[in-house]
file upload_18.pdb (PDB, C-alpha atoms)
ATOM      1  CA  MET A   1      -6.233   2.975   2.986
ATOM      2  CA  VAL A   2      -4.400   4.322   6.025
ATOM      3  CA  LEU A   3      -1.163   6.267   5.647
ATOM      4  CA  HIS A   4       0.312   8.379   8.438
ATOM      5  CA  ILE A   5       3.442  10.500   7.974
ATOM      6  CA  VAL A   6       4.778  12.437  10.964
ATOM      7  CA  PRO A   7       5.257  15.331  10.787
ATOM      8  CA  ARG A   8       2.839  15.969   7.947
ATOM      9  CA  ILE A   9       4.605  19.171   6.812
ATOM     10  CA  ALA A  10       8.312  19.846   7.351
ATOM     11  CA  GLU A  11      11.557  21.007   5.741
ATOM     12  CA  PHE A  12      14.404  18.687   4.835
ATOM     13  CA  GLU A  13      17.784  19.740   6.223
ATOM     14  CA  LEU A  14      20.474  19.483   3.546
ATOM     15  CA  PRO A  15      22.113  17.062   3.108
ATOM     16  CA  VAL A  16      19.144  14.903   4.048
ATOM     17  CA  PRO A  17      19.943  11.884   6.260
ATOM     18  CA  LEU A  18      18.695   8.560   4.914
ATOM     19  CA  ALA A  19      16.555   8.134   8.036
ATOM     20  CA  ASP A  20      14.550  11.268   7.167
ATOM     21  CA  LEU A  21      13.948  10.053   3.605
ATOM     22  CA  VAL A  22      12.870   6.630   4.897
ATOM     23  CA  SER A  23      10.478   8.249   7.353
ATOM     24  CA  PHE A  24       8.876  10.256   4.546
ATOM     25  CA  TYR A  25       8.491   7.209   2.261
ATOM     26  CA  ALA A  26       7.607   4.609   4.915
ATOM     27  CA  LEU A  27       5.268   1.814   3.791
ATOM     28  CA  SER A  28       4.557   0.252   7.186
ATOM     29  CA  ASP A  29       0.883   1.260   7.155
ATOM     30  CA  ALA A  30       0.350   1.518   3.393
ATOM     31  CA  VAL A  31      -2.188  -1.027   2.161
ATOM     32  CA  SER A  32      -3.933  -1.067  -1.211
ATOM     33  CA  VAL A  33      -7.689  -0.614  -1.200
ATOM     34  CA  ASP A  34      -7.777  -3.666  -3.494
ATOM     35  CA  ARG A  35      -5.875  -6.537  -1.883
ATOM     36  CA  ARG A  36      -5.881  -8.498  -5.167
ATOM     37  CA  ARG A  37      -3.169  -6.289  -6.659
ATOM     38  CA  PRO A  38       0.084  -4.655  -5.492
ATOM     39  CA  TYR A  39       0.209  -1.397  -3.585
ATOM     40  CA  THR A  40       1.077   0.953  -6.452
ATOM     41  CA  TRP A  41       2.595   4.430  -6.667
ATOM     42  CA  SER A  42       4.137   6.791  -9.192
ATOM     43  CA  ASN A  43       7.021   9.185  -8.598
ATOM     44  CA  THR A  44       7.295  12.157 -10.953
ATOM     45  CA  VAL A  45       9.331  15.357 -11.056
ATOM     46  CA  SER A  46       7.775  18.241 -12.942
ATOM     47  CA  THR A  47       7.868  21.984 -13.380
ATOM     48  CA  LEU A  48       5.158  24.106 -11.797
ATOM     49  CA  ASP A  49       3.191  23.897 -15.066
ATOM     50  CA  GLY A  50       3.403  20.100 -15.131
ATOM     51  CA  VAL A  51       6.173  19.553 -17.730
ATOM     52  CA  THR A  52       8.235  16.405 -17.126
ATOM     53  CA  ASN A  53      10.865  16.846 -19.862
ATOM     54  CA  PHE A  54      12.094  19.903 -21.748
ATOM     55  CA  LEU A  55      12.814  17.821 -24.891
ATOM     56  CA  GLU A  56      15.854  19.921 -25.710
ATOM     57  CA  GLY A  57      18.519  17.560 -27.035
ATOM     58  CA  GLN A  58      18.943  14.332 -25.099
ATOM     59  CA  PRO A  59      16.109  13.426 -22.682
ATOM     60  CA  ASN A  60      17.240  14.694 -19.298
ATOM     61  CA  VAL A  61      14.795  14.946 -16.418
ATOM     62  CA  SER A  62      17.564  16.312 -14.180
ATOM     63  CA  GLU A  63      17.003  19.669 -15.921
ATOM     64  CA  VAL A  64      13.407  19.583 -14.720
ATOM     65  CA  ALA A  65      14.718  18.921 -11.198
ATOM     66  CA  LEU A  66      17.060  21.970 -11.536
ATOM     67  CA  ALA A  67      20.181  19.846 -11.051
ATOM     68  CA  HIS A  68      21.985  21.985 -13.640
ATOM     69  CA  VAL A  69      21.396  25.285 -11.802
ATOM     70  CA  PRO A  70      24.379  26.417  -9.693
ATOM     71  CA  GLY A  71      23.569  26.308  -6.012
ATOM     72  CA  LEU A  72      20.551  24.006  -6.377
ATOM     73  CA  GLU A  73      22.388  20.712  -6.861
ATOM     74  CA  ALA A  74      21.919  19.537  -3.256
ATOM     75  CA  ALA A  75      18.172  20.110  -3.259
ATOM     76  CA  ALA A  76      17.827  18.450  -6.683
ATOM     77  CA  LYS A  77      19.746  15.435  -5.365
ATOM     78  CA  VAL A  78      17.004  14.917  -2.762
ATOM     79  CA  ASP A  79      14.590  14.210  -5.622
ATOM     80  CA  TYR A  80      16.954  11.616  -7.093
ATOM     81  CA  ARG A  81      17.535   9.928  -3.745
ATOM     82  CA  LEU A  82      13.801   9.755  -3.088
ATOM     83  CA  LEU A  83      13.337   8.199  -6.534
ATOM     84  CA  ASN A  84      15.983   5.594  -5.682
ATOM     85  CA  LEU A  85      14.384   4.954  -2.299
ATOM     86  CA  GLY A  86      11.063   4.288  -4.023
ATOM     87  CA  TRP A  87      12.784   1.693  -6.196
ATOM     88  CA  ALA A  88      14.433   0.196  -3.105
ATOM     89  CA  THR A  89      11.121  -0.356  -1.338
ATOM     90  CA  ALA A  90       9.442  -1.782  -4.451
ATOM     91  CA  ASP A  91       9.399  -5.400  -5.523
ATOM     92  CA  ALA A  92       9.084  -4.293  -9.149
ATOM     93  CA  VAL A  93       9.331  -1.134 -11.233
ATOM     94  CA  LEU A  94       7.182  -0.578 -14.331
ATOM     95  CA  ILE A  95       8.562   1.312 -17.338
ATOM     96  CA  THR A  96       7.437   1.380 -20.972
ATOM     97  CA  GLY A  97       8.806   0.365 -24.328
ATOM     98  CA  GLN A  98       8.469   4.021 -25.358
ATOM     99  CA  ILE A  99      10.846   5.044 -22.570
ATOM    100  CA  MET A 100      13.331   2.443 -23.810
ATOM    101  CA  ARG A 101      13.111   3.890 -27.320
ATOM    102  CA  ASP A 102      13.439   7.506 -26.146
ATOM    103  CA  GLU A 103      16.099   6.850 -23.498
ATOM    104  CA  PRO A 104      18.314   3.892 -24.518
ATOM    105  CA  HIS A 105      20.206   4.034 -21.207
ATOM    106  CA  ALA A 106      17.060   3.976 -19.053
ATOM    107  CA  MET A 107      16.938   1.548 -16.145
ATOM    108  CA  CYS A 108      15.733   1.646 -12.550
ATOM    109  CA  HIS A 109      18.789   0.373 -10.746
ATOM    110  CA  ILE A 110      19.625   1.853  -7.342
ATOM    111  CA  HIS A 111      22.619   4.173  -7.617
ATOM    112  CA  PHE A 112      23.282   4.907  -3.940
ATOM    113  CA  GLU A 113      25.099   2.343  -1.819
ATOM    114  CA  ASP A 114      23.387   3.342   1.441
ATOM    115  CA  ILE A 115      19.959   2.889  -0.185
ATOM    116  CA  ARG A 116      20.971  -0.500  -1.636
ATOM    117  CA  ASN A 117      22.150  -1.537   1.827
ATOM    118  CA  TYR A 118      18.847  -0.390   3.306
ATOM    119  CA  ARG A 119      16.985  -2.515   0.754
ATOM    120  CA  MET A 120      19.039  -5.630   1.490
ATOM    121  CA  ASP A 121      19.823  -5.318   5.210
ATOM    122  CA  VAL A 122      16.685  -3.647   6.573
ATOM    123  CA  LEU A 123      13.931  -4.547   4.106
ATOM    124  CA  LYS A 124      15.482  -8.004   3.563
ATOM    125  CA  LYS A 125      14.880  -7.998  -0.181
ATOM    126  CA  THR A 126      16.469 -10.882  -2.063
ATOM    127  CA  SER A 127      18.049  -8.795  -4.838
ATOM    128  CA  PRO A 128      19.844  -5.420  -4.839
ATOM    129  CA  HIS A 129      17.476  -3.971  -7.440
ATOM    130  CA  PRO A 130      13.751  -4.411  -8.086
ATOM    131  CA  LEU A 131      12.377  -6.470 -10.950
ATOM    132  CA  GLN A 132      12.361  -4.270 -14.064
ATOM    133  CA  ILE A 133       9.048  -4.675 -15.905
ATOM    134  CA  ILE A 134       8.929  -3.270 -19.431
ATOM    135  CA  ILE A 135       5.382  -3.035 -20.740
ATOM    136  CA  THR A 136       5.191  -3.140 -24.529
ATOM    137  CA  ALA A 137       2.630  -4.613 -26.916
ATOM    138  CA  SER A 138       4.829  -4.216 -29.998
ATOM    139  CA  CYS A 139       8.180  -5.245 -28.452
ATOM    140  CA  ASP A 140       9.952  -2.726 -30.690
ATOM    141  CA  ILE A 141      12.900  -2.639 -28.296
ATOM    142  CA  ASP A 142      16.653  -2.746 -28.778
ATOM    143  CA  PHE A 143      17.577  -5.834 -26.784
ATOM    144  CA  SER A 144      21.240  -4.871 -26.909
ATOM    145  CA  ALA A 145      20.496  -1.803 -24.746
ATOM    146  CA  GLN A 146      22.371  -1.294 -21.506
ATOM    147  CA  ILE A 147      19.551  -2.564 -19.289
ATOM    148  CA  PHE A 148      19.829  -6.001 -20.888
ATOM    149  CA  ASN A 149      23.550  -6.238 -20.185
ATOM    150  CA  ARG A 150      23.503  -6.099 -16.397
ATOM    151  CA  SER A 151      23.966  -9.390 -14.580
ATOM    152  CA  ASP A 152      22.492  -7.826 -11.408
ATOM    153  CA  LEU A 153      19.138  -7.020 -13.035
ATOM    154  CA  GLU A 154      16.117  -9.238 -13.565
ATOM    155  CA  ILE A 155      13.765  -8.099 -16.330
ATOM    156  CA  MET A 156      10.240  -9.021 -17.316
ATOM    157  CA  ILE A 157       8.843  -8.108 -20.726
ATOM    158  CA  MET A 158       5.102  -7.606 -20.196
ATOM    159  CA  THR A 159       3.514  -8.067 -23.600
ATOM    160  CA  THR A 160       0.865  -9.766 -25.747
ATOM    161  CA  ASN A 161       0.972 -13.242 -27.297
ATOM    162  CA  ALA A 162       2.240 -11.795 -30.594
ATOM    163  CA  GLY A 163       4.711  -9.599 -28.742
ATOM    164  CA  LYS A 164       6.073 -12.601 -26.851
ATOM    165  CA  LEU A 165       7.002 -14.396 -30.071
ATOM    166  CA  LYS A 166       8.696 -11.277 -31.417
ATOM    167  CA  ALA A 167      10.562 -10.548 -28.175
ATOM    168  CA  GLU A 168      11.917 -14.086 -27.880
ATOM    169  CA  ARG A 169      13.257 -13.882 -31.437
ATOM    170  CA  LEU A 170      14.871 -10.472 -30.857
ATOM    171  CA  ILE A 171      16.440 -11.597 -27.586
ATOM    172  CA  GLU A 172      17.946 -14.645 -29.275
ATOM    173  CA  GLU A 173      19.367 -12.459 -32.050
ATOM    174  CA  ALA A 174      20.847 -10.002 -29.547
ATOM    175  CA  GLU A 175      22.485 -12.807 -27.562
ATOM    176  CA  LEU A 176      23.993 -14.308 -30.713
ATOM    177  CA  LYS A 177      25.534 -10.931 -31.608
ATOM    178  CA  ASP A 178      26.950 -10.388 -28.141
ATOM    179  CA  ARG A 179      28.305 -13.706 -26.938
ATOM    180  CA  SER A 180      31.351 -11.963 -25.428
ATOM    181  CA  SER A 181      29.316  -9.901 -22.960
ATOM    182  CA  GLY A 182      29.125 -12.407 -20.128
ATOM    183  CA  GLY A 183      26.898 -10.011 -18.205
ATOM    184  CA  ARG A 184      23.455 -10.428 -19.722
ATOM    185  CA  SER A 185      20.441  -9.651 -17.573
ATOM    186  CA  LYS A 186      17.973 -12.366 -16.615
ATOM    187  CA  ILE A 187      15.050 -11.798 -18.995
ATOM    188  CA  LYS A 188      11.654 -13.446 -18.972
ATOM    189  CA  VAL A 189       8.959 -12.689 -21.513
ATOM    190  CA  VAL A 190       5.390 -13.027 -20.286
ATOM    191  CA  ALA A 191       2.213 -12.695 -22.347
ATOM    192  CA  PHE A 192      -0.589 -11.003 -20.423
ATOM    193  CA  GLU A 193      -4.314 -10.841 -21.007
ATOM    194  CA  THR A 194      -5.401  -8.152 -23.462
ATOM    195  CA  THR A 195      -8.479  -6.001 -23.863
ATOM    196  CA  ARG A 196     -11.229  -7.022 -26.271
ATOM    197  CA  ASP A 197     -10.247  -4.572 -29.023
ATOM    198  CA  ALA A 198      -8.894  -7.019 -31.609
ATOM    199  CA  SER A 199      -7.790  -4.240 -33.980
ATOM    200  CA  CYS A 200      -5.433  -2.758 -31.372
ATOM    201  CA  PRO A 201      -4.822  -5.199 -28.518
ATOM    202  CA  ARG A 202      -3.709  -3.531 -25.303
ATOM    203  CA  ILE A 203      -2.687  -5.193 -22.073
ATOM    204  CA  ASP A 204      -5.487  -5.343 -19.539
ATOM    205  CA  MET A 205      -3.824  -3.464 -16.674
ATOM    206  CA  ARG A 206      -6.228  -4.631 -13.971
ATOM    207  CA  ALA A 207      -5.673  -8.283 -14.863
ATOM    208  CA  ALA A 208      -1.928  -7.658 -15.251
ATOM    209  CA  LEU A 209      -1.532  -6.133 -11.784
ATOM    210  CA  GLU A 210      -3.538  -8.938 -10.189
ATOM    211  CA  ARG A 211      -1.340 -11.497 -11.923
ATOM    212  CA  LEU A 212       1.828  -9.699 -10.824
ATOM    213  CA  LYS A 213       0.788 -10.119  -7.221
ATOM    214  CA  MET A 214      -0.602 -13.642  -7.430
ATOM    215  CA  GLU A 215       1.980 -15.264  -9.714
ATOM    216  CA  PHE A 216       5.107 -13.138  -9.292
ATOM    217  CA  ASN A 217       4.760 -12.030  -5.633
ATOM    218  CA  VAL A 218       4.855  -8.307  -6.386
ATOM    219  CA  GLU A 219       3.472  -6.640  -3.252
ATOM    220  CA  HIS A 220       4.757  -3.120  -3.994
ATOM    221  CA  LEU A 221       4.932  -1.653  -7.508
ATOM    222  CA  ASP A 222       6.678   1.591  -8.482
ATOM    223  CA  VAL A 223       5.327   2.985 -11.753
ATOM    224  CA  SER A 224       8.237   4.865 -13.337
ATOM    225  CA  ALA A 225       6.449   5.034 -16.677
ATOM    226  CA  GLY A 226       5.339   8.183 -18.446
ATOM    227  CA  GLY A 227       2.258  10.236 -17.775
ATOM    228  CA  SER A 228       0.095   8.294 -20.251
ATOM    229  CA  VAL A 229       0.432   5.018 -18.342
ATOM    230  CA  ILE A 230      -0.006   6.763 -14.997
ATOM    231  CA  ARG A 231      -3.149   8.425 -16.299
ATOM    232  CA  GLN A 232      -4.523   5.083 -17.522
ATOM    233  CA  LEU A 233      -3.960   3.554 -14.098
ATOM    234  CA  VAL A 234      -5.614   6.486 -12.353
ATOM    235  CA  ASP A 235      -8.610   6.353 -14.692
ATOM    236  CA  ALA A 236      -8.950   2.626 -13.895
ATOM    237  CA  GLU A 237      -8.570   3.247 -10.128
ATOM    238  CA  LEU A 238      -5.388   1.159 -10.035
ATOM    239  CA  MET A 239      -3.022   3.739  -8.527
ATOM    240  CA  ASP A 240      -2.884   4.017  -4.739
ATOM    241  CA  GLU A 241      -0.422   6.814  -4.227
ATOM    242  CA  LEU A 242       1.074   9.859  -5.919
ATOM    243  CA  ARG A 243       4.615  10.989  -5.174
ATOM    244  CA  ALA A 244       5.674  14.192  -6.876
ATOM    245  CA  THR A 245       8.504  16.679  -6.834
ATOM    246  CA  ILE A 246       7.547  20.158  -8.011
ATOM    247  CA  ALA A 247      10.532  22.232  -9.100
ATOM    248  CA  GLY A 248      10.114  25.991  -8.955
ATOM    249  CA  GLN A 249      10.257  26.805 -12.652
ATOM    250  CA  ILE A 250       7.873  27.235 -15.595
ATOM    251  CA  ALA A 251       8.654  25.495 -18.891
ATOM    252  CA  GLY A 252       5.828  26.203 -21.312
ATOM    253  CA  PRO A 253       4.071  23.595 -23.481
ATOM    254  CA  PHE A 254       6.476  23.362 -26.452
ATOM    255  CA  ALA A 255      10.166  22.671 -27.041
ATOM    256  CA  THR A 256      12.145  25.004 -29.301
ATOM    257  CA  SER A 257      11.662  22.405 -32.059
ATOM    258  CA  GLY A 258       7.909  22.867 -31.770
ATOM    259  CA  ALA A 259       7.362  19.435 -30.233
ATOM    260  CA  ALA A 260       4.800  19.238 -27.460
ATOM    261  CA  ARG A 261       6.448  18.608 -24.122
ATOM    262  CA  PRO A 262       5.265  15.669 -21.983
ATOM    263  CA  HIS A 263       3.174  16.416 -18.918
ATOM    264  CA  MET A 264       2.539  14.677 -15.627
ATOM    265  CA  PHE A 265      -1.097  14.095 -16.606
ATOM    266  CA  PRO A 266      -1.301  14.384 -20.419
ATOM    267  CA  HIS A 267      -4.518  15.168 -22.221
ATOM    268  CA  GLU A 268      -4.811  12.433 -24.837
ATOM    269  CA  THR A 269      -7.890  12.643 -27.020
ATOM    270  CA  GLY A 270      -9.907   9.469 -26.767
ATOM    271  CA  ARG A 271      -7.775   7.915 -24.008
ATOM    272  CA  ALA A 272      -7.738  10.200 -20.972
ATOM    273  CA  ARG A 273     -10.964  10.378 -19.054
ATOM    274  CA  SER A 274     -12.540  13.698 -18.072
ATOM    275  CA  TYR A 275     -14.286  14.211 -14.770
ATOM    276  CA  THR A 276     -16.839  16.522 -13.248
ATOM    277  CA  SER A 277     -16.562  18.318  -9.936
ATOM    278  CA  ALA A 278     -18.734  15.555  -8.498
ATOM    279  CA  ASN A 279     -16.642  12.529  -9.496
ATOM    280  CA  SER A 280     -13.054  13.788  -9.926
ATOM    281  CA  PRO A 281     -10.420  11.718  -8.077
ATOM    282  CA  LEU A 282      -9.242  13.489  -4.953
ATOM    283  CA  ILE A 283      -5.699  13.402  -3.588
ATOM    284  CA  ALA A 284      -5.272  13.553   0.174
ATOM    285  CA  TRP A 285      -1.854  15.026   0.965
ATOM    286  CA  LYS A 286      -0.305  12.815   3.638
ATOM    287  CA  GLY A 287       3.167  14.348   3.654
ATOM    288  CA  ILE A 288       4.784  17.517   2.308
ATOM    289  CA  ARG A 289       8.461  18.425   2.471
ATOM    290  CA  THR A 290      10.555  21.290   1.137
ATOM    291  CA  ALA A 291      14.275  21.417   0.385
ATOM    292  CA  GLY A 292      15.694  24.898  -0.040
ATOM    293  CA  GLU A 293      13.555  27.495  -1.802
ATOM    294  CA  HIS A 294      12.857  25.750  -5.125
ATOM    295  CA  HIS A 295      11.732  22.164  -4.378
ATOM    296  CA  VAL A 296       8.538  20.809  -2.843
ATOM    297  CA  PHE A 297       7.975  17.071  -2.336
ATOM    298  CA  TYR A 298       4.454  15.681  -2.073
ATOM    299  CA  ARG A 299       3.105  12.322  -0.993
ATOM    300  CA  GLY A 300      -0.618  11.759  -1.321
ATOM    301  CA  VAL A 301      -3.186   8.988  -1.671
ATOM    302  CA  TYR A 302      -5.919   8.784  -4.274
ATOM    303  CA  GLN A 303      -9.543   8.926  -3.195
ATOM    304  CA  TYR A 304     -11.580   7.735  -6.166
ATOM    305  CA  ARG A 305     -15.135   8.837  -6.741
ATOM    306  CA  HIS A 306     -15.856   7.645 -10.309
ATOM    307  CA  HIS A 307     -16.207   3.911  -9.492
ATOM    308  CA  VAL A 308     -14.817   1.895 -12.390
ATOM    309  CA  THR A 309     -16.385  -1.565 -12.595
ATOM    310  CA  SER A 310     -14.121  -4.591 -13.103
TER
END

call {"tool": "encode", "arguments": {"input": "upload_18.pdb", "output": "structure tokens"}}
result
Amino acid sequence: MVLHIVPRIAEFELPVPLADLVSFYALSDAVSVDRRRPYTWSNTVSTLDGVTNFLEGQPNVSEVALAHVPGLEAAAKVDYRLLNLGWATADAVLITGQIMRDEPHAMCHIHFEDIRNYRMDVLKKTSPHPLQIIITASCDIDFSAQIFNRSDLEIMIMTTNAGKLKAERLIEEAELKDRSSGGRSKIKVVAFETTRDASCPRIDMRAALERLKMEFNVEHLDVSAGGSVIRQLVDAELMDELRATIAGQIAGPFATSGAARPHMFPHETGRARSYTSANSPLIAWKGIRTAGEHHVFYRGVYQYRHHVTS
């Protein structure tokens, strides 16, 4: 895959013009190594030690981005605008049922008018926001959540055959309870192929991504899911690009409650693959930007060496 960003290393001037953000996140020469699936990236903000959420009170990643620190708001806003720009260039955004349970107000709609205009007027997308794909095998989701009450959003529930039946029932119940809304999102529930483990069926991500491109015309996919899903995609060689904001702070592994904090690349026993120095995936840094003294923005492409077979 070819990806050229010029200049490779630079500093953002605050406030950052939209043109500079677009130049950093350009997709003109970004092509997936596997043309059967969408070009896929993740965009994560973390502390220097890899923590993506402090888990103190309500989930709030803006604290990781240092948006709450006096004097750092402008630099932290660059992270949020880049996140929105990633959504604007994507045909679809992937989040998880777990995110919906942890963050009831979660959705990947574009907040900034200039970025929405760029999506519609320059990229010529047909909708102001990307397709919101929620991947969930269990479909344990509150279908009265805010994301399902936006007439400007189109949502796909990516699930199993059993999950599809459950989701359709829960959606019908939610619509019956909220007939006065008038602003329900467009929701489609799609059952995807699962892995062969009958005791715990999981969606086959390779087959799912290929189907997204072939059947639903998803050419560019932004994975705004948690580290577990990102790690699964990396282990399966299904992620093309890494986009990361590193905020200059150290969090430590545990919240004050004792709960383990989530990480950019979590270590899940039995699920995350380990590598040797001979087959570890490499990341080639194609673009690096700084904003102020506390934020570094990376854009890199994966170079896989462990060769997963289909």

call {"tool": "resolve_selection", "arguments": {"input": "upload_18.pdb", "expression": "the PyMOL selection byres ((chain A and resi 133) around 12)", "output": "MDAnalysis selection string"}}
result
chainID A and resid 90:97 99:100 107:108 129:132 134:136 147:148 153:159 186:190 208:209 212 216 218 221:225

call {"tool": "closest_residue", "arguments": {"input": "upload_18.pdb", "among": "A:Asp142, A:Asp49, A:Glu175, A:Asp79", "to": "A:His295", "atoms": "all atoms listed in the file"}}
result
A:Asp79

call {"tool": "closest_residue", "arguments": {"input": "upload_18.pdb", "among": "A:Ala284, A:Ala174, A:Ala272, A:Val64", "to": "A:Glu241", "atoms": "all atoms listed in the file"}}
result
A:Ala284

call {"tool": "closest_residue", "arguments": {"input": "upload_18.pdb", "among": "A:Leu83, A:Leu238, A:Ala10, A:Leu66", "to": "A:Arg36", "atoms": "all atoms listed in the file"}}
result
A:Leu238

call {"tool": "atom_distance", "arguments": {"input": "upload_18.pdb", "atom1": "atom CA of A:Val22", "atom2": "atom CA of A:Ser62"}}
result
21.9 Å

call {"tool": "residues_near_point", "arguments": {"input": "upload_18.pdb", "point": "(19.8, -2.5, -6.2)", "cutoff": "9 Å", "atoms": "all atoms listed in the file", "output": "list of chain:residue names"}}
result
A:Asn84, A:Trp87, A:Ala88, A:Cys108, A:His109, A:Ile110, A:His111, A:Phe112, A:Glu113, A:Ile115, A:Arg116, A:Asn117, A:Arg119, A:Met120, A:Ser127, A:Pro128, A:His129, A:Pro130, A:Asp152, A:Leu153

call {"tool": "residues_around", "arguments": {"input": "upload_18.pdb", "residues": "A:Ala74", "least_positions_apart": "2", "cutoff": "10 Å", "atoms": "only C-alpha atoms", "output": "PyMOL selection string"}}
result
chain A and resi 14-16+66-67+70-72+76-79+291-292

call {"tool": "atom_distance", "arguments": {"input": "upload_18.pdb", "atom1": "atom CA of A:Pro7", "atom2": "atom CA of A:Asp29"}}
result
15.2 Å

call {"tool": "build_atoms", "arguments": {"input": "upload_18.pdb", "residues": "stretch 222-235 of chain A", "atoms": "N, CA and C atoms", "output": "tab-separated table (two decimals), keeping the file's coordinate frame"}}
result
chain	number	residue	atom	x	y	z
A	222	ASP	N	6.33	0.20	-8.16
A	222	ASP	CA	6.68	1.59	-8.48
A	222	ASP	C	6.48	1.78	-9.98
A	223	VAL	N	5.59	2.71	-10.35
A	223	VAL	CA	5.33	2.98	-11.75
A	223	VAL	C	6.20	4.15	-12.19
A	224	SER	N	7.31	3.84	-12.84
A	224	SER	CA	8.24	4.86	-13.34
A	224	SER	C	8.03	5.09	-14.83
A	225	ALA	N	6.82	4.83	-15.28
A	225	ALA	CA	6.45	5.03	-16.68
A	225	ALA	C	6.09	6.49	-16.90
A	226	GLY	N	5.72	6.82	-18.12
A	226	GLY	CA	5.34	8.18	-18.45
A	226	GLY	C	3.93	8.50	-18.00
A	227	GLY	N	3.55	9.76	-18.23
A	227	GLY	CA	2.26	10.24	-17.77
A	227	GLY	C	1.08	9.50	-18.38
A	228	SER	N	1.22	8.99	-19.61
A	228	SER	CA	0.10	8.29	-20.25
A	228	SER	C	-0.29	7.03	-19.49
A	229	VAL	N	0.72	6.24	-19.09
A	229	VAL	CA	0.43	5.02	-18.34
A	229	VAL	C	-0.11	5.35	-16.96
A	230	ILE	N	0.48	6.36	-16.32
A	230	ILE	CA	-0.01	6.76	-15.00
A	230	ILE	C	-1.46	7.20	-15.09
A	231	ARG	N	-1.77	7.96	-16.14
A	231	ARG	CA	-3.15	8.43	-16.30
A	231	ARG	C	-4.10	7.25	-16.53
A	232	GLN	N	-3.69	6.26	-17.31
A	232	GLN	CA	-4.52	5.08	-17.52
A	232	GLN	C	-4.81	4.37	-16.21
A	233	LEU	N	-3.79	4.25	-15.37
A	233	LEU	CA	-3.96	3.55	-14.10
A	233	LEU	C	-4.87	4.34	-13.15
A	234	VAL	N	-4.74	5.66	-13.18
A	234	VAL	CA	-5.61	6.49	-12.35
A	234	VAL	C	-7.06	6.36	-12.84
A	235	ASP	N	-7.26	6.45	-14.14
A	235	ASP	CA	-8.61	6.35	-14.69
A	235	ASP	C	-9.26	5.02	-14.34
